[in-house]
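Asker: So here's protein.pdb, just PDB, C-alpha atoms:
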```pdb
ATOM      1  CA  MET F   1     -12.580 -29.955  21.604
ATOM      2  CA  SER F   2     -14.531 -31.894  18.993
ATOM      3  CA  ALA F   3     -13.221 -32.587  15.517
ATOM      4  CA  LYS F   4     -15.888 -30.283  14.152
ATOM      5  CA  THR F   5     -14.701 -27.270  16.152
ATOM      6  CA  LYS F   6     -11.169 -27.767  14.802
ATOM      7  CA  GLU F   7     -12.331 -27.154  11.249
ATOM      8  CA  LYS F   8     -11.977 -23.757   9.608
ATOM      9  CA  PRO F   9     -14.595 -21.379  11.054
ATOM     10  CA  GLN F  10     -17.604 -20.988   8.789
ATOM     11  CA  ASN F  11     -20.310 -18.400   8.353
ATOM     12  CA  SER F  12     -23.939 -19.103   7.487
ATOM     13  CA  ALA F  13     -23.019 -19.411   3.807
ATOM     14  CA  GLY F  14     -20.712 -22.298   4.658
ATOM     15  CA  ARG F  15     -17.336 -20.544   4.476
ATOM     16  CA  TRP F  16     -15.562 -17.328   5.384
ATOM     17  CA  ILE F  17     -15.485 -15.089   2.341
ATOM     18  CA  GLY F  18     -11.991 -13.974   3.294
ATOM     19  CA  TYR F  19     -10.462 -17.445   3.262
ATOM     20  CA  ARG F  20      -8.821 -18.088  -0.117
ATOM     21  CA  LYS F  21      -5.434 -19.740  -0.525
ATOM     22  CA  GLU F  22      -4.456 -17.402  -3.392
ATOM     23  CA  ILE F  23      -4.661 -14.323  -1.162
ATOM     24  CA  LYS F  24      -1.402 -12.563  -0.267
ATOM     25  CA  VAL F  25      -1.037  -9.770   2.284
ATOM     26  CA  LEU F  26       1.467  -6.953   1.817
ATOM     27  CA  ASP F  27       2.455  -4.705   4.710
ATOM     28  CA  CYS F  28       3.337  -1.163   3.545
ATOM     29  CA  THR F  29       3.664   0.448   6.995
ATOM     30  CA  ILE F  30       7.166   1.835   6.479
ATOM     31  CA  ARG F  31       6.711   2.871   2.851
ATOM     32  CA  ASP F  32       3.303   4.580   3.115
ATOM     33  CA  GLY F  33       3.941   5.724   6.670
ATOM     34  CA  GLY F  34       7.113   7.375   5.402
ATOM     35  CA  LEU F  35       4.935   9.977   3.693
ATOM     36  CA  MET F  36       4.151  11.308   7.175
ATOM     37  CA  ASN F  37       7.764  11.734   8.325
ATOM     38  CA  ASP F  38       9.848  11.961   5.118
ATOM     39  CA  SER F  39      10.790   8.306   5.641
ATOM     40  CA  ASN F  40      12.754   9.192   8.784
ATOM     41  CA  PHE F  41      12.072   6.012  10.740
ATOM     42  CA  GLU F  42      14.578   4.785  13.270
ATOM     43  CA  ASP F  43      16.168   1.435  12.511
ATOM     44  CA  LYS F  44      14.528  -0.120  15.557
ATOM     45  CA  THR F  45      11.072   0.752  14.207
ATOM     46  CA  VAL F  46      11.786  -0.721  10.781
ATOM     47  CA  ARG F  47      13.243  -3.832  12.398
ATOM     48  CA  ALA F  48      10.232  -4.176  14.693
ATOM     49  CA  VAL F  49       7.870  -4.080  11.698
ATOM     50  CA  TYR F  50      10.035  -6.612   9.865
ATOM     51  CA  ASP F  51      10.131  -8.944  12.870
ATOM     52  CA  ALA F  52       6.376  -8.620  13.381
ATOM     53  CA  CYS F  53       5.625  -9.344   9.713
ATOM     54  CA  THR F  54       7.890 -12.394   9.852
ATOM     55  CA  ALA F  55       6.316 -13.722  13.052
ATOM     56  CA  ALA F  56       2.775 -12.970  11.824
ATOM     57  CA  GLY F  57       3.180 -14.874   8.545
ATOM     58  CA  ILE F  58       2.693 -11.797   6.343
ATOM     59  CA  ASP F  59       3.620 -12.498   2.720
ATOM     60  CA  TYR F  60       5.331  -9.232   1.687
ATOM     61  CA  MET F  61       6.780  -6.195   3.452
ATOM     62  CA  GLU F  62       7.322  -2.954   1.568
ATOM     63  CA  ILE F  63      10.349  -1.485   3.304
ATOM     64  CA  GLY F  64      10.346   1.875   1.509
ATOM     65  CA  TYR F  65      10.977   3.583  -1.805
ATOM     66  CA  LYS F  66      13.602   3.169  -4.506
ATOM     67  CA  ASN F  67      13.591   6.861  -5.399
ATOM     68  CA  SER F  68      16.335   9.244  -6.463
ATOM     69  CA  LYS F  69      18.581  10.940  -3.922
ATOM     70  CA  LYS F  70      18.861  13.806  -6.422
ATOM     71  CA  ILE F  71      15.183  14.533  -5.791
ATOM     72  CA  PHE F  72      14.920  13.322  -2.185
ATOM     73  CA  ALA F  73      18.068  14.655  -0.533
ATOM     74  CA  PRO F  74      19.472  12.389   2.224
ATOM     75  CA  ASN F  75      19.900  15.384   4.550
ATOM     76  CA  LYS F  76      16.092  15.687   4.646
ATOM     77  CA  TYR F  77      14.738  12.244   3.787
ATOM     78  CA  GLY F  78      15.481   9.057   5.675
ATOM     79  CA  ALA F  79      17.151   5.949   4.317
ATOM     80  CA  TRP F  80      13.788   4.389   3.457
ATOM     81  CA  ARG F  81      13.166   6.892   0.650
ATOM     82  CA  SER F  82      15.952   5.282  -1.405
ATOM     83  CA  CYS F  83      16.474   1.858   0.211
ATOM     84  CA  ASP F  84      20.120   1.307  -0.567
ATOM     85  CA  GLU F  85      20.987  -2.364  -0.278
ATOM     86  CA  ASP F  86      23.335  -1.730   2.658
ATOM     87  CA  ASP F  87      20.523  -0.018   4.577
ATOM     88  CA  VAL F  88      18.079  -2.846   3.883
ATOM     89  CA  ARG F  89      20.643  -5.478   4.907
ATOM     90  CA  ARG F  90      21.311  -3.552   8.112
ATOM     91  CA  ILE F  91      17.741  -4.425   9.087
ATOM     92  CA  VAL F  92      17.121  -7.842   7.531
ATOM     93  CA  GLY F  93      20.566  -9.337   6.902
ATOM     94  CA  ASP F  94      20.115 -11.817   4.058
ATOM     95  CA  ASN F  95      16.418 -12.242   4.986
ATOM     96  CA  LYS F  96      16.346 -15.978   5.612
ATOM     97  CA  SER F  97      12.618 -15.826   6.395
ATOM     98  CA  ASP F  98       9.664 -16.578   4.108
ATOM     99  CA  LEU F  99       8.741 -12.889   4.139
ATOM    100  CA  LYS F 100       9.364 -11.265   0.748
ATOM    101  CA  LEU F 101      10.672  -7.709   0.661
ATOM    102  CA  CYS F 102       9.717  -5.009  -1.795
ATOM    103  CA  ALA F 103      10.205  -1.326  -2.507
ATOM    104  CA  MET F 104       8.277   1.231  -4.561
ATOM    105  CA  ALA F 105       9.755   3.225  -7.434
ATOM    106  CA  ASP F 106       7.814   6.303  -8.559
ATOM    107  CA  ALA F 107       7.744   7.127 -12.258
ATOM    108  CA  GLU F 108       9.868  10.234 -12.915
ATOM    109  CA  LYS F 109      11.291  10.098  -9.368
ATOM    110  CA  SER F 110      13.485   7.015  -9.594
ATOM    111  CA  ASP F 111      16.896   6.479 -11.179
ATOM    112  CA  TYR F 112      15.735   2.928 -11.742
ATOM    113  CA  LYS F 113      18.304   1.887 -14.342
ATOM    114  CA  THR F 114      21.198   2.456 -11.956
ATOM    115  CA  ASP F 115      19.700   2.385  -8.455
ATOM    116  CA  ILE F 116      17.718  -0.838  -8.825
ATOM    117  CA  LEU F 117      20.376  -3.535  -8.855
ATOM    118  CA  PRO F 118      19.971  -7.006 -10.330
ATOM    119  CA  LYS F 119      17.997  -9.273  -8.008
ATOM    120  CA  GLU F 120      21.020 -11.402  -7.137
ATOM    121  CA  LYS F 121      22.692  -8.312  -5.643
ATOM    122  CA  SER F 122      19.710  -7.195  -3.566
ATOM    123  CA  PRO F 123      17.699  -8.531  -0.601
ATOM    124  CA  LEU F 124      14.558  -7.205  -2.333
ATOM    125  CA  ASP F 125      12.184  -9.611  -4.063
ATOM    126  CA  MET F 126       9.699  -7.251  -5.702
ATOM    127  CA  ILE F 127       9.679  -3.794  -7.285
ATOM    128  CA  ARG F 128       6.408  -1.878  -7.170
ATOM    129  CA  VAL F 129       6.076   0.848  -9.772
ATOM    130  CA  ALA F 130       3.787   3.798  -9.004
ATOM    131  CA  THR F 131       2.553   5.889 -11.903
ATOM    132  CA  TYR F 132       0.020   8.458 -12.958
ATOM    133  CA  ILE F 133      -1.857   7.700 -16.148
ATOM    134  CA  HIS F 134       0.202  10.088 -18.288
ATOM    135  CA  GLN F 135       3.434   8.415 -17.124
ATOM    136  CA  LEU F 136       2.404   4.931 -18.189
ATOM    137  CA  PRO F 137       4.932   4.449 -21.038
ATOM    138  CA  LEU F 138       7.751   5.215 -18.594
ATOM    139  CA  ALA F 139       6.188   2.928 -15.983
ATOM    140  CA  ILE F 140       6.108   0.062 -18.462
ATOM    141  CA  ASP F 141       9.801   0.622 -19.200
ATOM    142  CA  MET F 142      10.444   0.490 -15.439
ATOM    143  CA  ILE F 143       8.457  -2.744 -15.167
ATOM    144  CA  LYS F 144      10.443  -4.304 -18.006
ATOM    145  CA  ASP F 145      13.710  -3.202 -16.413
ATOM    146  CA  ALA F 146      12.802  -4.728 -13.034
ATOM    147  CA  THR F 147      11.519  -7.924 -14.645
ATOM    148  CA  ASP F 148      14.728  -8.312 -16.649
ATOM    149  CA  LYS F 149      16.695  -7.876 -13.419
ATOM    150  CA  GLY F 150      14.838 -10.802 -11.873
ATOM    151  CA  TYR F 151      12.198  -9.156  -9.658
ATOM    152  CA  GLU F 152       8.520  -9.762  -9.197
ATOM    153  CA  THR F 153       6.659  -6.606 -10.227
ATOM    154  CA  THR F 154       3.466  -4.714  -9.490
ATOM    155  CA  VAL F 155       2.094  -1.425 -10.764
ATOM    156  CA  ASN F 156      -0.040   1.159  -8.968
ATOM    157  CA  ILE F 157      -2.059   3.443 -11.242
ATOM    158  CA  MET F 158      -2.616   6.439  -8.983
ATOM    159  CA  ALA F 159      -5.533   8.872  -8.798
ATOM    160  CA  ILE F 160      -7.845   6.705 -10.917
ATOM    161  CA  SER F 161     -10.849   8.531  -9.464
ATOM    162  CA  THR F 162      -9.841  11.472 -11.691
ATOM    163  CA  VAL F 163      -9.237   9.423 -14.860
ATOM    164  CA  ARG F 164     -11.708   9.103 -17.733
ATOM    165  CA  GLU F 165     -12.923   5.528 -18.151
ATOM    166  CA  GLN F 166     -11.659   5.219 -21.715
ATOM    167  CA  GLU F 167      -8.172   6.252 -20.591
ATOM    168  CA  LEU F 168      -8.268   3.703 -17.791
ATOM    169  CA  ASP F 169      -9.363   0.950 -20.170
ATOM    170  CA  GLU F 170      -6.499   1.830 -22.510
ATOM    171  CA  ALA F 171      -4.044   1.790 -19.607
ATOM    172  CA  LEU F 172      -5.245  -1.603 -18.397
ATOM    173  CA  GLU F 173      -4.946  -2.984 -21.904
ATOM    174  CA  MET F 174      -1.354  -1.723 -22.139
ATOM    175  CA  LEU F 175      -0.488  -3.204 -18.759
ATOM    176  CA  SER F 176      -2.087  -6.522 -19.645
ATOM    177  CA  GLN F 177       0.453  -6.774 -22.476
ATOM    178  CA  SER F 178       3.383  -5.818 -20.223
ATOM    179  CA  PRO F 179       5.377  -8.252 -18.039
ATOM    180  CA  VAL F 180       3.945  -6.861 -14.782
ATOM    181  CA  GLY F 181       2.735  -9.542 -12.386
ATOM    182  CA  THR F 182       0.061  -7.611 -10.457
ATOM    183  CA  ILE F 183      -1.989  -4.544 -11.369
ATOM    184  CA  TYR F 184      -3.157  -2.548  -8.354
ATOM    185  CA  LEU F 185      -6.508  -0.848  -7.921
ATOM    186  CA  VAL F 186      -5.531   2.245  -5.913
ATOM    187  CA  ASP F 187      -7.910   4.632  -4.151
ATOM    188  CA  SER F 188      -5.344   7.425  -3.866
ATOM    189  CA  PHE F 189      -7.673  10.071  -2.451
ATOM    190  CA  GLY F 190      -9.810   7.765  -0.313
ATOM    191  CA  SER F 191     -12.756   8.967  -2.366
ATOM    192  CA  LEU F 192     -14.217   5.736  -3.747
ATOM    193  CA  TYR F 193     -17.329   4.126  -2.309
ATOM    194  CA  THR F 194     -17.717   0.383  -2.003
ATOM    195  CA  GLU F 195     -19.904   0.009  -5.085
ATOM    196  CA  GLN F 196     -17.292   1.909  -7.115
ATOM    197  CA  ILE F 197     -14.573  -0.413  -5.833
ATOM    198  CA  GLY F 198     -16.698  -3.368  -6.912
ATOM    199  CA  TYR F 199     -17.148  -1.910 -10.388
ATOM    200  CA  MET F 200     -13.437  -1.139 -10.731
ATOM    201  CA  ALA F 201     -12.444  -4.550  -9.382
ATOM    202  CA  ARG F 202     -14.462  -6.310 -12.064
ATOM    203  CA  LYS F 203     -12.872  -4.117 -14.729
ATOM    204  CA  TYR F 204      -9.310  -4.715 -13.512
ATOM    205  CA  LEU F 205      -9.893  -8.453 -13.155
ATOM    206  CA  LYS F 206     -11.266  -8.716 -16.693
ATOM    207  CA  TYR F 207      -8.042  -7.354 -18.167
ATOM    208  CA  ALA F 208      -5.705  -9.050 -15.698
ATOM    209  CA  ARG F 209      -7.169 -12.537 -15.811
ATOM    210  CA  ALA F 210      -7.144 -12.595 -19.593
ATOM    211  CA  ALA F 211      -3.377 -12.050 -19.378
ATOM    212  CA  GLY F 212      -2.734 -14.403 -16.442
ATOM    213  CA  LYS F 213      -2.041 -11.575 -13.975
ATOM    214  CA  GLU F 214      -3.187 -10.795 -10.449
ATOM    215  CA  VAL F 215      -4.964  -7.684  -9.167
ATOM    216  CA  GLY F 216      -4.214  -5.896  -5.898
ATOM    217  CA  ILE F 217      -6.040  -3.303  -3.768
ATOM    218  CA  HIS F 218      -4.498  -0.308  -1.993
ATOM    219  CA  ALA F 219      -7.095   1.717  -0.080
ATOM    220  CA  HIS F 220      -6.950   4.992   1.847
ATOM    221  CA  ASN F 221      -9.180   5.778   4.803
ATOM    222  CA  ASN F 222     -10.409   9.350   4.209
ATOM    223  CA  MET F 223     -14.039   8.271   4.523
ATOM    224  CA  GLN F 224     -13.382   5.337   6.870
ATOM    225  CA  LEU F 225     -13.885   2.905   3.993
ATOM    226  CA  ALA F 226     -10.394   1.466   3.535
ATOM    227  CA  PHE F 227     -11.212  -1.784   5.330
ATOM    228  CA  ALA F 228     -14.686  -2.097   3.812
ATOM    229  CA  ASN F 229     -13.330  -1.394   0.340
ATOM    230  CA  THR F 230     -10.619  -4.011   0.795
ATOM    231  CA  ILE F 231     -13.264  -6.548   1.808
ATOM    232  CA  GLU F 232     -15.288  -5.636  -1.279
ATOM    233  CA  ALA F 233     -12.207  -6.198  -3.433
ATOM    234  CA  ILE F 234     -11.669  -9.606  -1.838
ATOM    235  CA  THR F 235     -15.254 -10.666  -2.557
ATOM    236  CA  LYS F 236     -14.792  -9.752  -6.216
ATOM    237  CA  GLY F 237     -11.673 -11.910  -6.524
ATOM    238  CA  ILE F 238      -8.730  -9.574  -5.828
ATOM    239  CA  ASN F 239      -5.894 -11.496  -4.175
ATOM    240  CA  MET F 240      -3.102  -8.994  -3.369
ATOM    241  CA  LEU F 241      -4.029  -6.926  -0.330
ATOM    242  CA  ASP F 242      -2.167  -3.884   1.010
ATOM    243  CA  ALA F 243      -2.472  -2.842   4.648
ATOM    244  CA  THR F 244      -0.490  -1.070   7.368
ATOM    245  CA  MET F 245      -0.125  -1.534  11.088
ATOM    246  CA  ALA F 246      -2.631   0.683  12.929
ATOM    247  CA  GLY F 247      -3.452   2.100   9.483
ATOM    248  CA  LEU F 248      -0.225   4.172   9.495
ATOM    249  CA  GLY F 249       0.015   5.948   6.142
ATOM    250  CA  ARG F 250      -0.316   9.223   4.320
ATOM    251  CA  GLY F 251      -2.974  11.502   5.775
ATOM    252  CA  ALA F 252      -5.993   9.445   6.773
ATOM    253  CA  GLY F 253      -3.943   6.282   6.513
ATOM    254  CA  ASN F 254      -4.658   2.872   5.035
ATOM    255  CA  CYS F 255      -6.534  -0.351   5.657
ATOM    256  CA  PRO F 256      -5.398  -1.534   9.115
ATOM    257  CA  LEU F 257      -3.374  -4.744   8.905
ATOM    258  CA  GLU F 258      -4.717  -6.017  12.212
ATOM    259  CA  LEU F 259      -8.312  -5.790  10.976
ATOM    260  CA  LEU F 260      -7.451  -7.409   7.671
ATOM    261  CA  ILE F 261      -5.683 -10.500   8.981
ATOM    262  CA  GLY F 262      -8.418 -10.916  11.583
ATOM    263  CA  PHE F 263     -11.014 -10.890   8.819
ATOM    264  CA  LEU F 264      -9.172 -13.358   6.592
ATOM    265  CA  HIS F 265      -9.427 -16.232   9.104
ATOM    266  CA  ASN F 266      -6.333 -17.826   7.617
ATOM    267  CA  PRO F 267      -4.412 -19.741  10.288
ATOM    268  CA  LYS F 268      -1.108 -18.748   8.693
ATOM    269  CA  TYR F 269      -1.609 -15.119   9.838
ATOM    270  CA  MET F 270      -0.923 -14.487  13.523
ATOM    271  CA  LEU F 271      -2.448 -11.390  15.113
ATOM    272  CA  ARG F 272      -0.437 -11.126  18.328
ATOM    273  CA  PRO F 273       2.924 -10.126  16.768
ATOM    274  CA  VAL F 274       1.189  -7.331  14.882
ATOM    275  CA  LEU F 275      -0.549  -6.050  18.003
ATOM    276  CA  GLU F 276       2.725  -6.199  19.918
ATOM    277  CA  CYS F 277       4.447  -4.069  17.273
ATOM    278  CA  ILE F 278       1.547  -1.619  17.225
ATOM    279  CA  GLN F 279       1.630  -1.267  21.000
ATOM    280  CA  ASN F 280       5.393  -0.889  21.346
ATOM    281  CA  ASP F 281       6.485   0.822  18.140
ATOM    282  CA  ILE F 282       3.636   2.273  16.048
ATOM    283  CA  GLU F 283       1.179   3.860  18.468
ATOM    284  CA  PRO F 284       3.959   5.847  20.193
ATOM    285  CA  LEU F 285       4.409   7.644  16.838
ATOM    286  CA  ARG F 286       0.778   8.714  16.518
ATOM    287  CA  GLU F 287       0.907  11.953  18.485
ATOM    288  CA  LYS F 288       3.854  13.244  16.468
ATOM    289  CA  LEU F 289       2.827  11.969  13.017
ATOM    290  CA  GLY F 290      -0.918  12.452  13.392
ATOM    291  CA  TRP F 291      -2.186  10.024  10.765
ATOM    292  CA  GLY F 292      -5.703   8.611  10.704
ATOM    293  CA  PHE F 293      -9.253   9.682  10.004
ATOM    294  CA  ASP F 294      -9.952  13.345  10.636
ATOM    295  CA  TYR F 295     -12.434  15.838   9.243
ATOM    296  CA  PRO F 296     -10.127  17.655   6.787
ATOM    297  CA  TYR F 297      -9.170  14.281   5.280
ATOM    298  CA  MET F 298     -12.837  13.352   5.143
ATOM    299  CA  LEU F 299     -13.571  16.508   3.194
ATOM    300  CA  THR F 300     -10.821  15.942   0.605
ATOM    301  CA  GLY F 301     -12.129  12.394   0.193
ATOM    302  CA  LEU F 302     -15.692  13.596  -0.345
ATOM    303  CA  LEU F 303     -14.450  16.144  -2.897
ATOM    304  CA  ASN F 304     -12.126  13.668  -4.666
ATOM    305  CA  ARG F 305      -9.073  15.823  -4.028
ATOM    306  CA  HIS F 306      -5.484  15.060  -3.109
ATOM    307  CA  PRO F 307      -5.111  15.278   0.699
ATOM    308  CA  ARG F 308      -2.129  17.658   0.547
ATOM    309  CA  SER F 309      -4.296  20.638   1.594
ATOM    310  CA  ALA F 310      -5.646  18.678   4.556
ATOM    311  CA  MET F 311      -2.140  17.641   5.557
ATOM    312  CA  ALA F 312      -1.025  21.275   5.429
ATOM    313  CA  HIS F 313      -4.017  22.271   7.578
ATOM    314  CA  GLN F 314      -3.121  19.600  10.131
ATOM    315  CA  ASP F 315       0.332  21.168  10.440
ATOM    316  CA  SER F 316      -1.024  24.706  10.836
ATOM    317  CA  GLU F 317      -2.069  26.750  13.864
ATOM    318  CA  ASN F 318      -5.694  26.340  12.737
ATOM    319  CA  LYS F 319      -5.631  22.534  12.877
ATOM    320  CA  LYS F 320      -8.488  22.368  15.415
ATOM    321  CA  ASP F 321     -10.712  24.663  13.352
ATOM    322  CA  ILE F 322     -12.729  22.308  11.163
ATOM    323  CA  LEU F 323     -14.989  25.052   9.818
ATOM    324  CA  TYR F 324     -12.005  27.161   8.764
ATOM    325  CA  PHE F 325     -10.751  24.332   6.563
ATOM    326  CA  TYR F 326     -14.249  23.638   5.242
ATOM    327  CA  ASP F 327     -14.933  27.282   4.335
ATOM    328  CA  GLN F 328     -11.505  27.767   2.785
ATOM    329  CA  THR F 329     -11.821  24.569   0.743
ATOM    330  CA  MET F 330     -15.323  25.342  -0.505
ATOM    331  CA  ARG F 331     -14.193  28.788  -1.658
ATOM    332  CA  GLU F 332     -11.539  27.166  -3.813
ATOM    333  CA  ILE F 333     -13.992  24.933  -5.667
TER     334      ILE F 333
END
```
Kindly present the structure from the file in structure tokens form.
Answerer:
Amino acid sequence: MSAKTKEKPQNSAGRWIGYRKEIKVLDCTIRDGGLMNDSNFEDKTVRAVYDACTAAGIDYMEIGYKNSKKIFAPNKYGAWRSCDEDDVRRIVGDNKSDLKLCAMADAEKSDYKTDILPKEKSPLDMIRVATYIHQLPLAIDMIKDATDKGYETTVNIMAISTVREQELDEALEMLSQSPVGTIYLVDSFGSLYTEQIGYMARKYLKYARAAGKEVGIHAHNNMQLAFANTIEAITKGINMLDATMAGLGRGAGNCPLELLIGFLHNPKYMLRPVLECIQNDIEPLREKLGWGFDYPYMLTGLLNRHPRSAMAHQDSENKKDILYFYDQTMREI
């Protein structure tokens, strides 16, 4: 092999657009996938994802939620809805790897002051706060609490496709003055087209960069655009990238991790461990959990609606009747 062929692969523009040393990849298979099974994953599945992320060189793994057991009763929801430290350590021990662990705390659903322990008492490295626009003051308090306890922090503003632009600008300004490390652009309903992602990315980056913060992207696949929208975000300068193995996630699922790390052409990311985990541990769940692109999810994406109605249809006796869901949905508009 010549010295030239050993160099980083290049496209006709002279470089791969995905190759940027600042980029970090976050696997949220267990957290987002937990919305399809009430976070009832077996330990062996969680451990397989952890081992695959470690072997593949993934930067962060979101192992679940830090949400209240008063709201999410343990007799219904699995351990990964609350992520007690003992449960996390049962999987990762003291996590001697380079992989950083994180969990998501939902505004108004997390007893964050008591359930999120100081960093030195937890194997977690990052707390990700999820919030709707009207919950932002609480979310900022949660961010401050996690920061004071020693964690890295991110924030997901959900359902931005339903938010007036002035409100979003005000929210981004507030977050730029908070201690949060990364502000996430989230396509909650899988309803945003690539040009809209580009517009939003520029907006988020304007506020974030002025405050020395990063921006992340979390895309859903209702219109089969999660991967394309993540690529668009990368080209605009977004560096924190969410993805899941085989796209496992709520409803239509997320940007597939295997596609993303293949696109990035970064030699630190290894594809084979991810494919091995998909083959042995993720794909066997598909028939039961039923995530991924389907026509009801497509329709909620096109209509900019939460996919809960599509998820209910997929669990009903009419799940094969596409026209039934279409007619029923259009009558409700």
Asker: Could you tell me which residues the PyMOL selection byres ((chain F and resi 182) around 12) returns for this structure, as a PyMOL selection string?
Answerer: chain F and resi 24+126-129+143+152-157+172+175-176+178-181+183-185+204-205+207-209+211-217+238-241
Asker: Take the PyMOL selection byres ((chain F and resi 51) around 10), run it mentally on this structure, and tell me the resulting residues as a short mmCIF file (atom, residue, chain, number, x, y, z; two decimals) with C-alpha atoms, in the frame of the given file.
Answerer:
```cif
data_model
loop_
_atom_site.label_atom_id
_atom_site.label_comp_id
_atom_site.auth_asym_id
_atom_site.auth_seq_id
_atom_site.Cartn_x
_atom_site.Cartn_y
_atom_site.Cartn_z
CA THR F 45 11.07 0.75 14.21
CA VAL F 46 11.79 -0.72 10.78
CA ARG F 47 13.24 -3.83 12.40
CA ALA F 48 10.23 -4.18 14.69
CA VAL F 49 7.87 -4.08 11.70
CA TYR F 50 10.04 -6.61 9.86
CA ALA F 52 6.38 -8.62 13.38
CA CYS F 53 5.62 -9.34 9.71
CA THR F 54 7.89 -12.39 9.85
CA ALA F 55 6.32 -13.72 13.05
CA ALA F 56 2.78 -12.97 11.82
CA ILE F 91 17.74 -4.42 9.09
CA VAL F 92 17.12 -7.84 7.53
CA SER F 97 12.62 -15.83 6.40
CA LEU F 99 8.74 -12.89 4.14
CA PRO F 273 2.92 -10.13 16.77
CA VAL F 274 1.19 -7.33 14.88
CA CYS F 277 4.45 -4.07 17.27
#
```
Asker: Using the chain letters and numbers from the file, give me the residues hit by the PyMOL selection byres ((chain F and resi 300) around 10), as a PyMOL selection string.
Answerer: chain F and resi 189-191+222-223+295-299+301-310+326+329
Asker: Hey, can I get the axis-aligned box for region 187-198 of chain F? All listed atoms, 3 Å padding on each side, centre and edge lengths in Å to one decimal, as lines of an AutoDock Vina configuration file.
Answerer:
```
center_x = -12.6
center_y = 3.4
center_z = -3.7
size_x = 20.6
size_y = 19.4
size_z = 12.8
```
Asker: For a quick check of understanding, using all atoms listed in the file, which of F:Lys268, F:Arg250, F:Asp315, F:His220 has the smallest distance to Asp98 (chain F)?
Answerer: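 The shortest atom-to-atom distance to Asp98 (chain F) comes from F:Lys268.
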Asker: Rank nothing, just name the residue among F:Glu195, F:Leu26, F:Phe41, F:Gly262 nearest to Asn229 (chain F), using all atoms listed in the file.
Answerer: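 The closest residue to Asn229 (chain F) is F:Glu195.
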Asker: CA of Tyr151 (chain F) and CA of Leu124 (chain F) are how many Å apart?
Answerer: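 CA of Leu124 (chain F) lies at a distance of 7.9 Å from CA of Tyr151 (chain F).
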Asker: Write out as a PDB file with C-alpha atoms, in the coordinates of the input which residues come within 6 Å of region 35-40 of chain F when counting only C-alpha atoms, dropping same-chain ones fewer than 3 positions away.
Answerer:
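Writing done, so here's result-v5.pdb:
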```pdb
ATOM      1  CA  ASP F  32       3.303   4.580   3.115  1.00  0.00           C
ATOM      2  CA  TYR F  77      14.738  12.244   3.787  1.00  0.00           C
ATOM      3  CA  GLY F  78      15.481   9.057   5.675  1.00  0.00           C
ATOM      4  CA  TRP F  80      13.788   4.389   3.457  1.00  0.00           C
ATOM      5  CA  ARG F  81      13.166   6.892   0.650  1.00  0.00           C
ATOM      6  CA  ARG F 250      -0.316   9.223   4.320  1.00  0.00           C
TER       7      ARG F 250
END
```
Asker: Using all atoms listed in the file, can you tell me which of F:Asp281, F:Asp294, F:Glu276, F:Asp145 comes closest to Gly253 (chain F)?
Answerer: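 Distance minimum relative to Gly253 (chain F) lands on F:Asp294.
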Asker: Of the candidates F:Ala201, F:Leu225, F:Ile23, F:Leu136, which shows the shortest atom-to-atom distance to Met174 (chain F), using all atoms listed in the file?
Answerer: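 Nearest candidate to Met174 (chain F) out of F:Ala201, F:Leu225, F:Ile23, F:Leu136: F:Leu136.
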Asker: Which residue, F:Tyr132, F:Lys44, F:Cys102, F:Cys28, has the smallest gap to Lys119 (chain F) when you use all atoms listed in the file?
Answerer: F:Cys102
Asker: For Ala107 (chain F), which of F:Met61, F:Ala79, F:Asp86, F:Met158 is the closest residue, counting all atoms listed in the file?
Answerer: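 Closest to Ala107 (chain F) of all the choices is F:Met158.
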